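structure.cif (mmCIF, N, CA and C atoms) appears below.
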```cif
data_final
loop_
_atom_site.label_atom_id
_atom_site.label_comp_id
_atom_site.auth_asym_id
_atom_site.auth_seq_id
_atom_site.Cartn_x
_atom_site.Cartn_y
_atom_site.Cartn_z
N MET A 16 23.12 223.05 77.61
CA MET A 16 23.70 221.74 77.38
C MET A 16 23.12 221.19 76.09
N THR A 17 23.99 220.67 75.24
CA THR A 17 23.52 220.04 74.02
C THR A 17 23.29 218.58 74.28
N ASN A 18 22.37 217.98 73.57
CA ASN A 18 22.02 216.58 73.79
C ASN A 18 22.61 215.74 72.66
N LYS A 19 23.92 215.66 72.59
CA LYS A 19 24.60 214.86 71.58
C LYS A 19 24.86 213.46 72.12
N LYS A 20 24.89 212.52 71.22
CA LYS A 20 25.21 211.15 71.63
C LYS A 20 26.67 211.10 72.09
N GLY A 21 26.91 210.55 73.27
CA GLY A 21 28.26 210.46 73.79
C GLY A 21 28.66 211.65 74.64
N SER A 22 27.81 212.65 74.75
CA SER A 22 28.16 213.80 75.58
C SER A 22 27.90 213.46 77.05
N VAL A 23 28.63 214.09 77.91
CA VAL A 23 28.50 213.85 79.34
C VAL A 23 27.59 214.92 79.93
N PRO A 24 26.55 214.54 80.67
CA PRO A 24 25.68 215.55 81.27
C PRO A 24 26.41 216.32 82.36
N GLU A 25 25.96 217.53 82.59
CA GLU A 25 26.58 218.36 83.62
C GLU A 25 26.35 217.73 84.99
N THR A 26 27.28 217.98 85.89
CA THR A 26 27.22 217.41 87.23
C THR A 26 25.96 217.85 87.97
N ASN A 27 25.38 216.92 88.70
CA ASN A 27 24.21 217.11 89.55
C ASN A 27 22.91 217.41 88.81
N THR A 28 22.87 217.15 87.50
CA THR A 28 21.61 217.24 86.78
C THR A 28 20.87 215.92 86.96
N LYS A 29 19.59 215.88 86.60
CA LYS A 29 18.81 214.65 86.74
C LYS A 29 19.42 213.51 85.93
N GLN A 30 19.86 213.81 84.72
CA GLN A 30 20.45 212.77 83.87
C GLN A 30 21.76 212.26 84.47
N TRP A 31 22.55 213.17 85.03
CA TRP A 31 23.83 212.78 85.63
C TRP A 31 23.58 211.86 86.82
N VAL A 32 22.61 212.20 87.68
CA VAL A 32 22.29 211.38 88.84
C VAL A 32 21.81 210.00 88.40
N LYS A 33 20.98 209.96 87.36
CA LYS A 33 20.50 208.69 86.83
C LYS A 33 21.66 207.84 86.31
N ASN A 34 22.56 208.47 85.57
CA ASN A 34 23.72 207.76 85.05
C ASN A 34 24.61 207.22 86.18
N GLU A 35 24.85 208.04 87.19
CA GLU A 35 25.70 207.62 88.31
C GLU A 35 25.08 206.45 89.05
N LYS A 36 23.77 206.46 89.21
CA LYS A 36 23.09 205.35 89.88
C LYS A 36 23.28 204.06 89.09
N THR A 37 23.10 204.14 87.77
CA THR A 37 23.28 202.97 86.91
C THR A 37 24.73 202.48 86.95
N ILE A 38 25.67 203.40 86.90
CA ILE A 38 27.09 203.04 86.92
C ILE A 38 27.46 202.38 88.25
N ASN A 39 26.97 202.92 89.35
CA ASN A 39 27.32 202.39 90.67
C ASN A 39 26.72 201.02 90.93
N GLU A 40 25.67 200.66 90.22
CA GLU A 40 25.06 199.33 90.37
C GLU A 40 25.79 198.26 89.58
N ASN A 41 26.58 198.66 88.60
CA ASN A 41 27.27 197.71 87.72
C ASN A 41 28.78 197.82 87.97
N PRO A 42 29.41 196.77 88.50
CA PRO A 42 30.85 196.85 88.83
C PRO A 42 31.74 197.09 87.61
N VAL A 43 31.34 196.59 86.44
CA VAL A 43 32.15 196.79 85.23
C VAL A 43 32.12 198.26 84.83
N LEU A 44 30.93 198.84 84.83
CA LEU A 44 30.82 200.25 84.48
C LEU A 44 31.51 201.14 85.51
N LYS A 45 31.39 200.77 86.78
CA LYS A 45 32.02 201.55 87.85
C LYS A 45 33.54 201.55 87.69
N LYS A 46 34.11 200.38 87.41
CA LYS A 46 35.56 200.28 87.23
C LYS A 46 36.01 201.09 86.02
N ALA A 47 35.25 201.00 84.91
CA ALA A 47 35.59 201.76 83.70
C ALA A 47 35.53 203.26 83.96
N ARG A 48 34.51 203.70 84.70
CA ARG A 48 34.39 205.12 85.04
C ARG A 48 35.55 205.57 85.92
N ASP A 49 35.89 204.76 86.92
CA ASP A 49 36.98 205.12 87.83
C ASP A 49 38.31 205.20 87.10
N ILE A 50 38.56 204.28 86.18
CA ILE A 50 39.80 204.31 85.40
C ILE A 50 39.82 205.54 84.51
N GLN A 51 38.70 205.84 83.86
CA GLN A 51 38.61 206.99 82.96
C GLN A 51 38.83 208.30 83.71
N GLN A 52 38.36 208.38 84.93
CA GLN A 52 38.50 209.60 85.73
C GLN A 52 39.81 209.65 86.51
N GLY A 53 40.61 208.59 86.39
CA GLY A 53 41.90 208.58 87.07
C GLY A 53 41.84 208.19 88.53
N LEU A 54 40.70 207.66 88.98
CA LEU A 54 40.58 207.25 90.38
C LEU A 54 41.21 205.89 90.63
N GLU A 55 41.32 205.08 89.59
CA GLU A 55 41.90 203.74 89.72
C GLU A 55 42.80 203.51 88.52
N LYS A 56 43.94 202.92 88.77
CA LYS A 56 44.88 202.64 87.69
C LYS A 56 44.42 201.40 86.93
N PRO A 57 44.64 201.37 85.62
CA PRO A 57 44.26 200.18 84.85
C PRO A 57 45.08 198.97 85.28
N ALA A 58 44.50 197.81 85.09
CA ALA A 58 45.17 196.56 85.47
C ALA A 58 46.42 196.36 84.62
N ARG A 59 47.46 195.88 85.23
CA ARG A 59 48.73 195.60 84.53
C ARG A 59 48.87 194.11 84.36
N HIS A 60 49.43 193.71 83.27
CA HIS A 60 49.68 192.29 83.05
C HIS A 60 50.98 191.89 83.74
N TYR A 61 51.15 190.64 83.99
CA TYR A 61 52.37 190.07 84.57
C TYR A 61 52.66 190.60 85.96
N LYS A 62 51.63 190.77 86.78
CA LYS A 62 51.83 191.27 88.13
C LYS A 62 52.70 190.35 88.97
N GLN A 63 52.62 189.05 88.75
CA GLN A 63 53.28 188.10 89.63
C GLN A 63 54.71 187.78 89.21
N SER A 64 55.21 188.42 88.18
CA SER A 64 56.58 188.16 87.74
C SER A 64 57.57 188.68 88.77
N HIS A 65 58.56 187.87 89.10
CA HIS A 65 59.55 188.30 90.08
C HIS A 65 60.73 188.99 89.42
N GLY A 66 60.78 188.99 88.11
CA GLY A 66 61.77 189.78 87.41
C GLY A 66 63.07 189.08 87.06
N GLY A 67 63.28 187.88 87.47
CA GLY A 67 64.52 187.21 87.10
C GLY A 67 65.04 186.29 88.17
N LYS A 68 66.23 185.76 87.91
CA LYS A 68 66.82 184.76 88.79
C LYS A 68 67.29 185.37 90.11
N GLY A 69 67.80 186.56 90.05
CA GLY A 69 68.31 187.18 91.27
C GLY A 69 69.61 186.54 91.73
N SER A 70 69.80 186.42 93.02
CA SER A 70 71.06 185.91 93.55
C SER A 70 70.98 184.43 93.90
N ALA A 71 69.90 183.77 93.55
CA ALA A 71 69.77 182.34 93.87
C ALA A 71 70.76 181.53 93.03
N ALA A 72 71.35 180.54 93.66
CA ALA A 72 72.30 179.68 92.96
C ALA A 72 71.56 178.75 92.00
N ARG A 73 72.23 178.35 90.95
CA ARG A 73 71.64 177.41 90.01
C ARG A 73 71.48 176.05 90.68
N PRO A 74 70.46 175.31 90.30
CA PRO A 74 70.27 173.99 90.89
C PRO A 74 71.48 173.08 90.62
N GLY A 75 71.90 172.37 91.63
CA GLY A 75 73.02 171.44 91.47
C GLY A 75 74.39 172.04 91.66
N THR A 76 74.49 173.35 91.83
CA THR A 76 75.79 174.00 91.98
C THR A 76 76.51 173.52 93.24
N TYR A 77 75.77 173.34 94.28
CA TYR A 77 76.37 172.94 95.54
C TYR A 77 76.02 171.50 95.91
N SER A 78 75.83 170.66 94.90
CA SER A 78 75.51 169.27 95.16
C SER A 78 76.76 168.53 95.68
N GLN A 79 76.54 167.38 96.26
CA GLN A 79 77.65 166.60 96.81
C GLN A 79 78.59 166.15 95.69
N GLN A 80 78.04 165.79 94.54
CA GLN A 80 78.87 165.37 93.41
C GLN A 80 79.77 166.52 92.96
N TYR A 81 79.27 167.74 92.95
CA TYR A 81 80.06 168.92 92.57
C TYR A 81 81.21 169.11 93.57
N LYS A 82 80.89 169.00 94.86
CA LYS A 82 81.91 169.17 95.89
C LYS A 82 82.97 168.08 95.81
N ASP A 83 82.54 166.84 95.54
CA ASP A 83 83.48 165.72 95.47
C ASP A 83 84.41 165.83 94.27
N ASN A 84 83.99 166.46 93.19
CA ASN A 84 84.79 166.52 91.96
C ASN A 84 85.41 167.89 91.73
N TRP A 85 85.57 168.71 92.75
CA TRP A 85 86.13 170.06 92.62
C TRP A 85 87.51 170.03 91.96
N GLU A 86 88.37 169.16 92.46
CA GLU A 86 89.74 169.10 91.94
C GLU A 86 89.76 168.70 90.47
N ARG A 87 88.89 167.74 90.10
CA ARG A 87 88.85 167.29 88.71
C ARG A 87 88.30 168.39 87.80
N ILE A 88 87.36 169.18 88.29
CA ILE A 88 86.76 170.23 87.47
C ILE A 88 87.71 171.41 87.31
N PHE A 89 88.28 171.89 88.41
CA PHE A 89 89.08 173.11 88.37
C PHE A 89 90.58 172.86 88.46
N GLY A 90 91.00 171.64 88.65
CA GLY A 90 92.42 171.32 88.66
C GLY A 90 93.19 171.98 89.78
N GLY A 91 93.02 171.54 90.95
CA GLY A 91 93.75 172.09 92.07
C GLY A 91 93.01 171.85 93.36
N ASP A 92 93.68 172.19 94.45
CA ASP A 92 93.09 171.99 95.77
C ASP A 92 92.11 173.13 96.06
N ARG A 93 91.01 172.81 96.66
CA ARG A 93 89.97 173.79 96.95
C ARG A 93 90.41 174.76 98.04
N SER A 94 91.35 174.40 98.87
CA SER A 94 91.78 175.28 99.96
C SER A 94 92.53 176.51 99.45
N ASN A 95 93.00 176.50 98.19
CA ASN A 95 93.73 177.63 97.64
C ASN A 95 92.81 178.70 97.05
N VAL A 96 91.52 178.47 97.06
CA VAL A 96 90.57 179.39 96.46
C VAL A 96 90.30 180.55 97.39
N ASN A 97 90.30 181.78 96.83
CA ASN A 97 89.95 182.97 97.63
C ASN A 97 88.44 183.06 97.73
N HIS A 98 87.95 183.01 98.96
CA HIS A 98 86.51 183.10 99.19
C HIS A 98 86.13 184.55 99.40
N ARG A 99 84.90 184.88 99.08
CA ARG A 99 84.40 186.23 99.26
C ARG A 99 84.31 186.53 100.76
N GLU A 100 84.78 187.70 101.16
CA GLU A 100 84.73 188.08 102.57
C GLU A 100 83.31 188.51 102.92
N THR A 101 82.90 188.20 104.13
CA THR A 101 81.58 188.60 104.60
C THR A 101 81.73 189.52 105.80
N ASP A 102 80.70 190.32 106.03
CA ASP A 102 80.69 191.23 107.17
C ASP A 102 80.08 190.54 108.37
N GLU A 103 80.86 189.76 109.07
CA GLU A 103 80.35 189.04 110.26
C GLU A 103 81.03 189.53 111.49
#
```
Translate the structure described by the file into structure tokens.
Amino acid sequence: MTNKKGSVPETNTKQWVKNEKTINENPVLKKARDIQQGLEKPARHYKQSHGGKGSAARPGTYSQQYKDNWERIFGGDRSNVNHRETDE
């Protein structure tokens, strides 16, 4: 084994055991080691993003004022509108 700066000691040597003990005592070093070895995935940004509006209606779409002014907005009786069929 060569003693170069930045080299990793062979497994189960005295230096390796010493390094592992130091790493396991420090959570930052432990996390960095686990990520480097592929044991833990790196943190991702924007974890809490829901990705978009989805199927939620826009605010005010079904307000009472909207319902009361249907004829004025769309010009006609609301009973003539084809509604989407549901599986009930």
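Between atom C of Glu35 in chain A and CA of Arg48 in chain A the separation is 10.2 Å.
In this model, the gap between CA of Trp31 in chain A and CA of Lys56 in chain A comes to 23.5 Å.
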Seminar exercise, completed: A straight line from atom N of Lys29 in chain A to CA of Glu55 in chain A spans 25.6 Å
